[in-house]
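*Asks:* My structure file entry_19.csv, CSV, C-alpha atoms and all ligand atoms, is below:
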chain,number,residue,atom,x,y,z
A,146,MET,CA,34.0,-72.2,-60.5
A,147,GLY,CA,36.6,-71.4,-58.0
A,148,SER,CA,35.4,-69.6,-54.9
A,149,LYS,CA,37.7,-67.5,-52.9
A,150,PRO,CA,38.4,-68.6,-49.3
A,151,PHE,CA,36.8,-66.1,-47.1
A,152,GLN,CA,37.8,-64.7,-43.7
A,153,PRO,CA,35.6,-65.7,-40.8
A,154,ILE,CA,35.8,-62.1,-39.6
A,155,MET,CA,32.4,-62.0,-38.1
A,156,VAL,CA,32.6,-65.0,-35.8
A,157,PRO,CA,33.5,-63.6,-32.4
A,158,PRO,CA,30.6,-61.1,-32.1
A,159,ASN,CA,28.1,-63.9,-32.8
A,160,ALA,CA,29.2,-66.3,-30.1
A,161,GLY,CA,26.7,-65.3,-27.4
A,162,ILE,CA,23.8,-63.1,-26.6
A,163,VAL,CA,22.8,-60.5,-24.1
A,164,GLY,CA,19.4,-59.6,-22.6
A,165,MET,CA,16.8,-57.4,-24.3
A,166,GLY,CA,16.2,-56.8,-27.9
A,167,THR,CA,13.6,-54.5,-29.2
A,168,GLN,CA,10.0,-55.6,-29.4
A,169,LYS,CA,10.3,-56.2,-33.1
A,170,ALA,CA,13.4,-58.4,-32.7
A,171,ARG,CA,11.8,-60.5,-30.0
A,172,GLN,CA,8.8,-61.1,-32.2
A,173,GLY,CA,11.0,-62.1,-34.9
A,174,THR,CA,12.6,-65.0,-33.1
A,175,GLU,CA,11.5,-68.3,-31.5
A,176,ILE,CA,14.2,-68.0,-28.8
A,177,LYS,CA,12.8,-67.0,-25.4
A,178,ASN,CA,14.7,-64.1,-24.3
A,179,ARG,CA,15.2,-62.9,-20.7
A,180,GLU,CA,12.5,-60.4,-20.3
A,181,HIS,CA,12.7,-59.7,-16.6
A,182,ASN,CA,16.3,-58.7,-16.2
A,183,ASP,CA,17.6,-56.3,-18.7
A,184,ASN,CA,20.8,-55.7,-16.8
A,185,PHE,CA,21.8,-59.2,-17.5
A,186,ILE,CA,25.0,-59.4,-19.6
A,187,PHE,CA,25.9,-62.8,-20.7
A,188,THR,CA,29.6,-63.4,-20.4
A,189,GLY,CA,30.0,-67.1,-19.6
A,190,ASP,CA,30.4,-68.1,-23.2
A,191,ALA,CA,31.4,-71.7,-23.5
A,192,ASN,CA,32.4,-71.0,-27.1
A,193,LEU,CA,35.4,-69.1,-25.9
A,194,ARG,CA,36.8,-72.4,-24.7
A,195,HIS,CA,35.9,-74.6,-27.6
A,196,THR,CA,36.8,-74.5,-31.2
A,197,PRO,CA,33.7,-74.9,-33.4
A,198,ALA,CA,33.7,-78.1,-35.5
A,199,TYR,CA,32.1,-76.0,-38.2
A,200,TYR,CA,30.3,-72.8,-38.9
A,201,VAL,CA,26.9,-71.9,-40.3
A,202,GLY,CA,27.3,-69.2,-42.9
A,203,ILE,CA,24.5,-67.0,-44.1
A,204,PHE,CA,25.2,-66.1,-47.7
A,205,ASN,CA,23.7,-63.6,-50.1
A,206,VAL,CA,23.5,-63.8,-54.0
A,207,SER,CA,21.9,-60.4,-54.3
A,208,ASP,CA,23.7,-57.1,-54.7
A,209,GLN,CA,21.7,-55.7,-51.8
A,210,GLU,CA,23.1,-55.9,-48.2
A,211,GLN,CA,20.6,-57.3,-45.7
A,212,ARG,CA,20.3,-56.2,-42.1
A,213,ILE,CA,18.3,-58.5,-39.8
A,214,GLU,CA,17.5,-57.6,-36.2
A,215,ARG,CA,17.7,-60.5,-33.8
A,216,PRO,CA,18.0,-60.5,-30.0
A,217,TRP,CA,20.6,-63.3,-30.1
A,218,VAL,CA,23.2,-61.2,-32.0
A,219,MET,CA,25.9,-59.7,-29.8
A,220,PRO,CA,25.5,-56.0,-30.0
A,221,GLY,CA,28.1,-54.3,-32.1
A,222,LYS,CA,28.3,-50.7,-33.1
A,223,ILE,CA,24.8,-50.8,-34.6
A,224,GLY,CA,23.1,-53.0,-32.0
A,225,LYS,CA,21.7,-56.5,-32.3
A,226,VAL,CA,21.8,-56.5,-36.1
A,227,LEU,CA,23.1,-59.2,-38.2
A,228,ILE,CA,24.5,-57.9,-41.5
A,229,VAL,CA,24.8,-60.1,-44.5
A,230,PRO,CA,27.0,-58.3,-47.0
A,231,ALA,CA,25.9,-57.8,-50.6
A,232,CYS,CA,27.4,-60.1,-53.3
A,233,GLU,CA,30.2,-58.1,-54.9
A,234,PRO,CA,30.2,-57.9,-58.7
A,235,GLY,CA,31.9,-60.9,-60.3
A,236,GLN,CA,31.6,-63.0,-57.1
A,237,ARG,CA,29.5,-66.1,-56.9
A,238,VAL,CA,28.2,-65.3,-53.4
A,239,SER,CA,28.7,-62.7,-50.7
A,240,ARG,CA,31.1,-63.1,-47.8
A,241,PRO,CA,29.1,-65.0,-45.2
A,242,PHE,CA,27.8,-63.9,-41.8
A,243,LEU,CA,29.2,-66.8,-39.7
A,244,ILE,CA,27.6,-68.4,-36.7
A,245,PRO,CA,29.4,-71.2,-34.7
A,246,ASP,CA,28.1,-74.7,-34.7
A,247,ILE,CA,26.7,-74.2,-31.1
A,248,VAL,CA,25.9,-70.9,-29.5
A,249,GLN,CA,25.4,-70.7,-25.8
A,250,MET,CA,22.3,-69.0,-24.7
A,251,PRO,CA,21.2,-67.9,-21.2
A,252,VAL,CA,18.3,-69.9,-19.7
A,253,ASP,CA,15.9,-68.7,-17.1
A,254,ARG,CA,15.5,-71.0,-14.2
A,255,VAL,CA,12.4,-70.1,-12.4
A,256,GLY,CA,12.9,-69.8,-8.6
A,257,SER,CA,16.7,-69.9,-8.9
A,258,TRP,CA,19.4,-67.2,-8.7
A,259,GLU,CA,21.6,-69.1,-11.0
A,260,LEU,CA,22.0,-68.1,-14.6
A,261,GLY,CA,22.1,-71.2,-16.7
A,262,THR,CA,23.1,-71.6,-20.3
A,263,ARG,CA,22.1,-74.0,-23.0
A,264,GLY,CA,23.6,-74.7,-26.4
A,265,VAL,CA,21.6,-73.7,-29.4
A,266,ASP,CA,22.3,-75.2,-32.8
A,267,GLY,CA,23.8,-72.5,-35.1
A,268,LYS,CA,21.7,-73.9,-38.0
A,269,PHE,CA,18.6,-73.1,-36.0
A,270,LEU,CA,19.7,-69.5,-35.5
A,271,ALA,CA,20.6,-69.2,-39.2
A,272,GLN,CA,17.2,-70.4,-40.2
A,273,ASP,CA,15.7,-68.1,-37.7
A,274,ALA,CA,17.4,-65.2,-39.3
A,275,VAL,CA,16.6,-66.1,-42.9
A,276,ASN,CA,13.0,-67.3,-42.4
A,277,PRO,CA,11.6,-67.2,-38.8
A,278,GLU,CA,8.3,-68.5,-39.9
A,279,ASP,CA,9.7,-71.9,-40.9
A,280,PRO,CA,12.0,-72.8,-38.0
A,281,SER,CA,12.7,-76.4,-39.2
A,282,GLY,CA,13.3,-75.4,-42.9
A,283,ASN,CA,16.4,-74.9,-44.9
A,284,SER,CA,17.5,-73.8,-48.3
A,285,LYS,CA,16.3,-77.0,-49.9
A,286,THR,CA,12.9,-77.1,-48.4
A,287,VAL,CA,11.9,-73.5,-49.2
A,288,ARG,CA,9.5,-73.2,-52.1
A,289,THR,CA,11.0,-71.7,-55.2
A,290,VAL,CA,7.8,-69.8,-56.0
A,291,LEU,CA,5.7,-68.1,-53.3
A,292,GLU,CA,2.2,-69.3,-53.4
A,293,THR,CA,-0.9,-67.1,-53.4
A,294,SER,CA,0.1,-65.1,-50.4
A,295,LEU,CA,3.0,-62.8,-50.5
A,296,ALA,CA,2.4,-61.9,-46.9
A,297,ASN,CA,5.7,-63.0,-45.6
A,298,GLU,CA,7.8,-61.8,-48.5
A,299,GLY,CA,9.4,-59.2,-46.2
A,300,THR,CA,10.6,-61.7,-43.6
A,301,ASN,CA,11.3,-64.7,-45.8
A,302,LEU,CA,14.7,-63.6,-47.0
A,303,TYR,CA,15.2,-66.8,-49.0
A,304,HIS,CA,13.3,-64.8,-51.7
A,305,LEU,CA,15.7,-61.9,-51.5
A,306,GLY,CA,18.9,-64.0,-52.2
A,307,LEU,CA,19.8,-65.3,-48.8
A,308,PHE,CA,20.4,-68.8,-47.7
A,309,TRP,CA,22.6,-70.6,-45.1
A,310,ALA,CA,25.0,-73.5,-45.5
A,311,THR,CA,27.6,-75.1,-43.2
A,312,CYS,CA,31.2,-74.4,-43.8
A,313,GLY,CA,34.4,-75.7,-42.3
A,314,PRO,CA,36.2,-74.2,-39.3
A,315,THR,CA,38.3,-71.9,-41.4
A,316,GLY,CA,35.5,-71.1,-43.8
A,317,GLU,CA,36.3,-73.7,-46.5
A,318,ASP,CA,33.6,-75.8,-48.1
A,319,ALA,CA,31.7,-72.8,-49.5
A,320,PRO,CA,28.2,-73.5,-50.7
A,321,SER,CA,27.8,-75.8,-53.7
A,322,ASP,CA,26.9,-74.5,-57.2
A,323,GLU,CA,23.5,-76.2,-56.8
A,324,ILE,CA,22.6,-74.3,-53.7
A,325,VAL,CA,23.8,-71.0,-55.2
A,326,ALA,CA,21.8,-71.6,-58.4
A,327,LEU,CA,18.7,-72.2,-56.3
A,328,ALA,CA,19.2,-69.0,-54.4
A,329,ILE,CA,19.6,-67.1,-57.7
A,330,SER,CA,16.5,-68.6,-59.2
A,331,ARG,CA,14.5,-67.6,-56.1
A,332,LEU,CA,15.8,-64.1,-56.3
A,333,GLU,CA,15.0,-63.8,-60.0
A,334,ALA,CA,11.5,-65.1,-59.3
A,335,THR,CA,11.0,-62.3,-56.8
A,336,TYR,CA,12.4,-59.7,-59.3
A,337,ASN,CA,10.0,-61.0,-61.9
A,338,ARG,CA,7.1,-60.7,-59.5
A,339,TRP,CA,8.1,-57.1,-58.8
A,340,ILE,CA,8.4,-56.3,-62.5
A,341,ASP,CA,4.9,-57.8,-63.1
A,342,GLU,CA,3.6,-55.7,-60.3
A,343,ALA,CA,5.1,-52.5,-61.7
A,344,GLN,CA,3.7,-53.3,-65.2
A,345,THR,CA,0.3,-53.6,-63.7
A,346,LEU,CA,0.7,-50.4,-61.7
A,347,SER,CA,2.0,-48.6,-64.8
A,348,MET,CA,-1.2,-49.4,-66.6
A,349,ALA,CA,-3.3,-48.0,-63.8
A,350,GLY,CA,-2.7,-44.4,-64.6
A,351,PRO,CA,-0.8,-41.7,-62.7
A,352,ASP,CA,-1.8,-43.1,-59.3
A,353,GLY,CA,-0.4,-46.5,-60.2
A,354,VAL,CA,2.8,-45.1,-61.6
A,355,ARG,CA,3.4,-43.1,-58.4
A,356,GLN,CA,3.4,-46.5,-56.5
A,357,ILE,CA,6.3,-47.8,-58.6
A,358,GLY,CA,9.3,-47.6,-56.4
A,359,HIS,CA,12.9,-48.4,-55.9
A,360,THR,CA,12.4,-52.2,-55.6
A,361,HIS,CA,10.6,-52.4,-58.9
A,362,ARG,CA,13.4,-50.4,-60.7
A,363,MET,CA,16.0,-52.5,-58.9
A,364,ALA,CA,14.4,-55.6,-60.3
A,365,ALA,CA,14.2,-54.1,-63.9
A,366,ASN,CA,17.9,-53.1,-63.6
A,367,TYR,CA,18.9,-56.5,-62.5
A,368,PHE,CA,17.7,-57.9,-65.8
A,369,GLY,CA,19.0,-54.8,-67.7
A,370,ARG,CA,15.4,-54.1,-68.9
A,371,SER,CA,13.9,-50.8,-70.0
A,372,PHE,CA,10.3,-50.1,-69.3
A,373,THR,CA,8.2,-47.0,-69.6
A,374,TRP,CA,8.5,-46.8,-65.8
A,375,ASN,CA,12.2,-47.6,-65.9
A,376,ILE,CA,13.9,-46.0,-68.9
A,377,ARG,CA,17.6,-46.8,-69.1
A,378,TYR,CA,19.6,-44.1,-70.7
A,379,GLU,CA,22.7,-44.9,-72.7
A,380,LYS,CA,25.3,-42.3,-73.8
A,381,LYS,CA,25.2,-42.1,-77.6
A,382,ASN,CA,27.6,-40.9,-80.3
A,383,GLN,CA,26.7,-40.1,-83.8
A,384,CYS,CA,28.2,-42.1,-86.7
A,385,ASP,CA,30.3,-39.6,-88.6
A,386,ASN,CA,29.3,-41.3,-91.9
A,387,CYS,CA,25.5,-41.7,-91.7
A,388,GLY,CA,24.6,-39.8,-88.5
A,389,ASN,CA,23.0,-42.9,-86.9
A,390,PRO,CA,23.2,-42.7,-83.1
A,391,MET,CA,25.5,-45.3,-81.6
A,392,PRO,CA,26.8,-46.1,-78.1
A,393,VAL,CA,30.1,-44.5,-77.3
A,394,THR,CA,31.6,-47.9,-76.9
A,395,ALA,CA,30.6,-49.1,-80.4
A,396,SER,CA,33.4,-49.9,-82.8
A,397,ARG,CA,31.3,-50.1,-85.9
A,398,CYS,CA,28.1,-48.5,-87.0
A,399,TYR,CA,25.4,-51.1,-87.4
A,400,GLN,CA,23.5,-48.9,-89.9
A,401,CYS,CA,26.1,-48.1,-92.6
A,402,LYS,CA,28.7,-50.6,-91.3
A,403,LYS,CA,31.4,-48.0,-91.1
A,404,VAL,CA,34.1,-49.0,-88.7
A,405,THR,CA,35.1,-46.2,-86.3
A,406,ASN,CA,37.9,-48.1,-84.6
A,407,TRP,CA,39.5,-51.0,-86.4
A,408,THR,CA,41.6,-52.2,-83.5
A,409,ARG,CA,38.5,-52.5,-81.3
A,410,ALA,CA,36.3,-53.7,-84.1
A,411,ILE,CA,38.6,-56.7,-84.7
A,412,ALA,CA,38.9,-57.3,-81.0
A,413,ASP,CA,35.1,-57.1,-80.6
A,414,GLY,CA,34.5,-59.3,-83.6
A,415,THR,CA,32.4,-56.7,-85.5
A,416,ALA,CA,35.0,-56.7,-88.3
A,417,THR,CA,37.5,-59.2,-89.7
A,418,VAL,CA,41.1,-58.7,-90.7
A,419,GLU,CA,40.3,-59.4,-94.3
A,420,GLU,CA,37.8,-56.6,-94.2
A,421,ALA,CA,40.5,-54.3,-92.7
A,422,ILE,CA,42.8,-55.1,-95.6
A,423,LYS,CA,40.1,-54.8,-98.2
A,424,ALA,CA,39.0,-51.5,-96.7
A,425,GLY,CA,42.4,-50.1,-97.4
A,426,VAL,CA,43.3,-49.5,-93.8
A,427,MET,CA,47.1,-48.6,-93.7
A,428,THR,CA,49.0,-51.7,-94.7
A,429,ALA,CA,51.3,-51.6,-91.7
A,430,GLN,CA,48.4,-51.2,-89.4
A,431,ALA,CA,46.5,-54.0,-91.2
A,432,GLU,CA,49.4,-56.3,-91.0
A,433,ASP,CA,49.9,-55.5,-87.4
A,434,LEU,CA,46.3,-56.2,-86.7
A,435,GLY,CA,46.4,-59.3,-88.8
A,436,LYS,CA,49.5,-60.5,-86.9
A,437,ARG,CA,47.7,-60.2,-83.6
A,438,ALA,CA,44.3,-61.5,-84.6
A,439,GLY,CA,45.8,-64.2,-86.8
A,440,LYS,CA,48.0,-65.7,-84.2
A,441,LYS,CA,45.5,-68.4,-83.3
A,442,LYS,CA,44.6,-69.2,-86.9
A,443,ALA,CA,48.3,-69.6,-87.8
A,444,ALA,CA,48.9,-71.8,-84.8
A,445,GLN,CA,46.0,-74.0,-85.9
A,446,LYS,CA,47.4,-74.3,-89.4
A,447,GLN,CA,50.8,-75.6,-88.2
A,448,PRO,CA,51.2,-79.3,-88.8
B,1,ZN,ZN,26.8,-45.1,-89.9
Written as structure tokens, that's how I'd like the structure from this file.
Ligand SMILES: [Zn+2]

*Replies:*
Amino acid sequence: MGSKPFQPIMVPPNAGIVGMGTQKARQGTEIKNREHNDNFIFTGDANLRHTPAYYVGIFNVSDQEQRIERPWVMPGKIGKVLIVPACEPGQRVSRPFLIPDIVQMPVDRVGSWELGTRGVDGKFLAQDAVNPEDPSGNSKTVRTVLETSLANEGTNLYHLGLFWATCGPTGEDAPSDEIVALAISRLEATYNRWIDEAQTLSMAGPDGVRQIGHTHRMAANYFGRSFTWNIRYEKKNQCDNCGNPMPVTASRCYQCKKVTNWTRAIADGTATVEEAIKAGVMTAQAEDLGKRAGKKKAAQKQP
């Protein structure tokens, strides 16, 4: 599958950090932040003078955007929040959130006025964003199925479709099909767990049903499934021959087999050209349809 080259648009804001994050953000990261000087603004960013050899991209296979608060993200309009866009319909993965190979971080030197910096591996930061509880892990070491405890489901974003991979300086070398397939299987495992959970709740009476929420329905919709707790409605027409309800997009009634739109029925494969001719559809129309639909067959018959 071809993947579109992407624009490394989010690079500059990620190239350094400033002082305080919120309590929650500090707890979410292994990086020791400067806790005693919240006026500190880090500006001596060595990355401004070096072109990264590669980037670490955080990608998303889910159609849900993820916002992750981390103190090492340069504050933008919405603060120290890292936004990994949703995967757009028809795309293999989302546009990535890009982190340079090395990010310069401020270092406290006890007893010194100097503000030092040290380089932190961009891969470490990416992993810190996707699953802070496993700082040395990556997309290949994460377990596909969560074990007995779902306690860290909320922070382990590998299970919600995220993963990181290195990419070239201009964003080439997008993640391999293998790594994307793994991310999809993890996401689907999560959705299946949510569906199971909703099924259990739906059997527990009204109190259970009330606990079924957006995430459960999102999981059901992902698979296009209808459940009593997630009924999907489809606009229906009535067959003008037998009265059977049929989707507005249907070209042929599956009950009485009446074709409602020959052009579409032949294009959809619900009717053949021979049937169209036998059915006494206007000759010119049938020939026209035959000409179009038969092009391939005729080409195959040529010696
Ligand atoms: Zn019918």

*Asks:* Which protein, DNA or RNA residues have an atom within 8 Å of ligand ZN 1 (chain B), counting only C-alpha atoms and all ligand atoms, as a list in words?

*Replies:*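 I would give the residues around ligand ZN 1 (chain B) as Gln383, Cys384, Asp385, Asn386, Cys387, Gly388, Asn389, Arg397, Cys398, Tyr399, Gln400, Cys401, Lys402 and Lys403 of chain A.
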
*Asks:* Would you save the residues of that selection, restricted to C-alpha atoms, as a CSV table (one decimal), in the frame of the given file?

*Replies:*
chain,number,residue,atom,x,y,z
A,383,GLN,CA,26.7,-40.1,-83.8
A,384,CYS,CA,28.2,-42.1,-86.7
A,385,ASP,CA,30.3,-39.6,-88.6
A,386,ASN,CA,29.3,-41.3,-91.9
A,387,CYS,CA,25.5,-41.7,-91.7
A,388,GLY,CA,24.6,-39.8,-88.5
A,389,ASN,CA,23.0,-42.9,-86.9
A,397,ARG,CA,31.3,-50.1,-85.9
A,398,CYS,CA,28.1,-48.5,-87.0
A,399,TYR,CA,25.4,-51.1,-87.4
A,400,GLN,CA,23.5,-48.9,-89.9
A,401,CYS,CA,26.1,-48.1,-92.6
A,402,LYS,CA,28.7,-50.6,-91.3
A,403,LYS,CA,31.4,-48.0,-91.1

*Asks:* I'd like the neighbourhood of A:Lys268 as a ChimeraX atom specification, where a residue qualifies if any of its atoms comes within 12 Å (using all atoms listed in the file), though same-chain residues fewer than 3 positions away should be ignored.

*Replies:* /A:199-203,243-248,264-265,271-276,280-284,308-312

*Asks:* Point out the residue among A:Val238, A:Ala364, A:Thr300, A:Ile411 with the least atom-to-atom distance to A:Gln344, counting only C-alpha atoms.

*Replies:*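 Under the stated criterion, the closest residue is A:Ala364.
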
*Asks:* Could you check the closest approach to A:Asp208 for each of A:Arg263, A:Ala343, A:Tyr367, A:Met250 and tell me which residue wins, using all atoms listed in the file?

*Replies:* A:Tyr367

*Asks:* Please report the interatomic distance between atom CA of A:Thr415 and atom CA of A:Ser396 in Å with one decimal.

*Replies:* 7.4 Å

*Asks:* Rebuild stretch 373-393 of chain A to N, CA, C and O atoms - output it as a compact mmCIF listing (two decimals), in the frame of the given file, please.

*Replies:*
# COMPACT_ATOMS: atom_id res chain seq x y z
N THR A 373 8.62 -48.38 -69.66
CA THR A 373 8.20 -47.00 -69.60
C THR A 373 8.43 -46.41 -68.22
O THR A 373 8.70 -45.24 -68.05
N TRP A 374 8.32 -47.26 -67.22
CA TRP A 374 8.50 -46.80 -65.80
C TRP A 374 9.95 -46.95 -65.38
O TRP A 374 10.31 -46.64 -64.26
N ASN A 375 10.81 -47.44 -66.24
CA ASN A 375 12.20 -47.60 -65.90
C ASN A 375 13.10 -47.46 -67.10
O ASN A 375 13.71 -48.40 -67.56
N ILE A 376 13.12 -46.24 -67.64
CA ILE A 376 13.90 -46.00 -68.90
C ILE A 376 15.36 -45.98 -68.56
O ILE A 376 15.79 -45.27 -67.65
N ARG A 377 16.12 -46.78 -69.26
CA ARG A 377 17.60 -46.80 -69.10
C ARG A 377 18.18 -45.91 -70.17
O ARG A 377 17.91 -46.09 -71.35
N TYR A 378 19.00 -44.97 -69.77
CA TYR A 378 19.60 -44.10 -70.70
C TYR A 378 21.03 -44.61 -71.05
O TYR A 378 21.72 -45.10 -70.19
N GLU A 379 21.41 -44.51 -72.29
CA GLU A 379 22.70 -44.90 -72.70
C GLU A 379 23.35 -43.75 -73.45
O GLU A 379 22.71 -43.16 -74.31
N LYS A 380 24.59 -43.42 -73.11
CA LYS A 380 25.30 -42.30 -73.80
C LYS A 380 25.50 -42.69 -75.26
O LYS A 380 25.99 -43.77 -75.55
N LYS A 381 25.10 -41.79 -76.15
CA LYS A 381 25.20 -42.10 -77.60
C LYS A 381 26.17 -41.15 -78.30
O LYS A 381 26.26 -39.99 -77.95
N ASN A 382 26.82 -41.68 -79.32
CA ASN A 382 27.60 -40.90 -80.30
C ASN A 382 26.85 -40.91 -81.59
O ASN A 382 25.98 -41.74 -81.79
N GLN A 383 27.26 -40.04 -82.50
CA GLN A 383 26.70 -40.10 -83.80
C GLN A 383 27.74 -40.69 -84.77
O GLN A 383 28.91 -40.34 -84.71
N CYS A 384 27.27 -41.57 -85.67
CA CYS A 384 28.20 -42.10 -86.70
C CYS A 384 28.57 -40.91 -87.59
O CYS A 384 27.70 -40.17 -88.07
N ASP A 385 29.88 -40.72 -87.83
CA ASP A 385 30.30 -39.60 -88.60
C ASP A 385 30.05 -39.79 -90.12
O ASP A 385 30.25 -38.91 -90.95
N ASN A 386 29.60 -40.99 -90.46
CA ASN A 386 29.30 -41.30 -91.90
C ASN A 386 27.83 -41.11 -92.20
O ASN A 386 27.49 -40.42 -93.16
N CYS A 387 26.95 -41.71 -91.37
CA CYS A 387 25.50 -41.70 -91.70
C CYS A 387 24.70 -40.94 -90.65
O CYS A 387 23.50 -40.74 -90.83
N GLY A 388 25.30 -40.56 -89.54
CA GLY A 388 24.60 -39.80 -88.50
C GLY A 388 23.72 -40.67 -87.59
O GLY A 388 23.03 -40.16 -86.72
N ASN A 389 23.80 -41.99 -87.76
CA ASN A 389 23.00 -42.90 -86.90
C ASN A 389 23.57 -42.81 -85.46
O ASN A 389 24.77 -42.85 -85.25
N PRO A 390 22.68 -42.68 -84.47
CA PRO A 390 23.20 -42.70 -83.10
C PRO A 390 23.74 -44.04 -82.70
O PRO A 390 23.13 -45.07 -83.01
N MET A 391 24.88 -44.04 -82.06
CA MET A 391 25.50 -45.30 -81.60
C MET A 391 26.12 -45.15 -80.27
O MET A 391 26.57 -44.06 -79.92
N PRO A 392 26.16 -46.22 -79.48
CA PRO A 392 26.80 -46.10 -78.10
C PRO A 392 28.23 -45.67 -78.25
O PRO A 392 28.91 -46.00 -79.24
N VAL A 393 28.69 -44.95 -77.26
CA VAL A 393 30.10 -44.50 -77.30
C VAL A 393 31.08 -45.62 -77.36
O VAL A 393 32.21 -45.45 -77.82
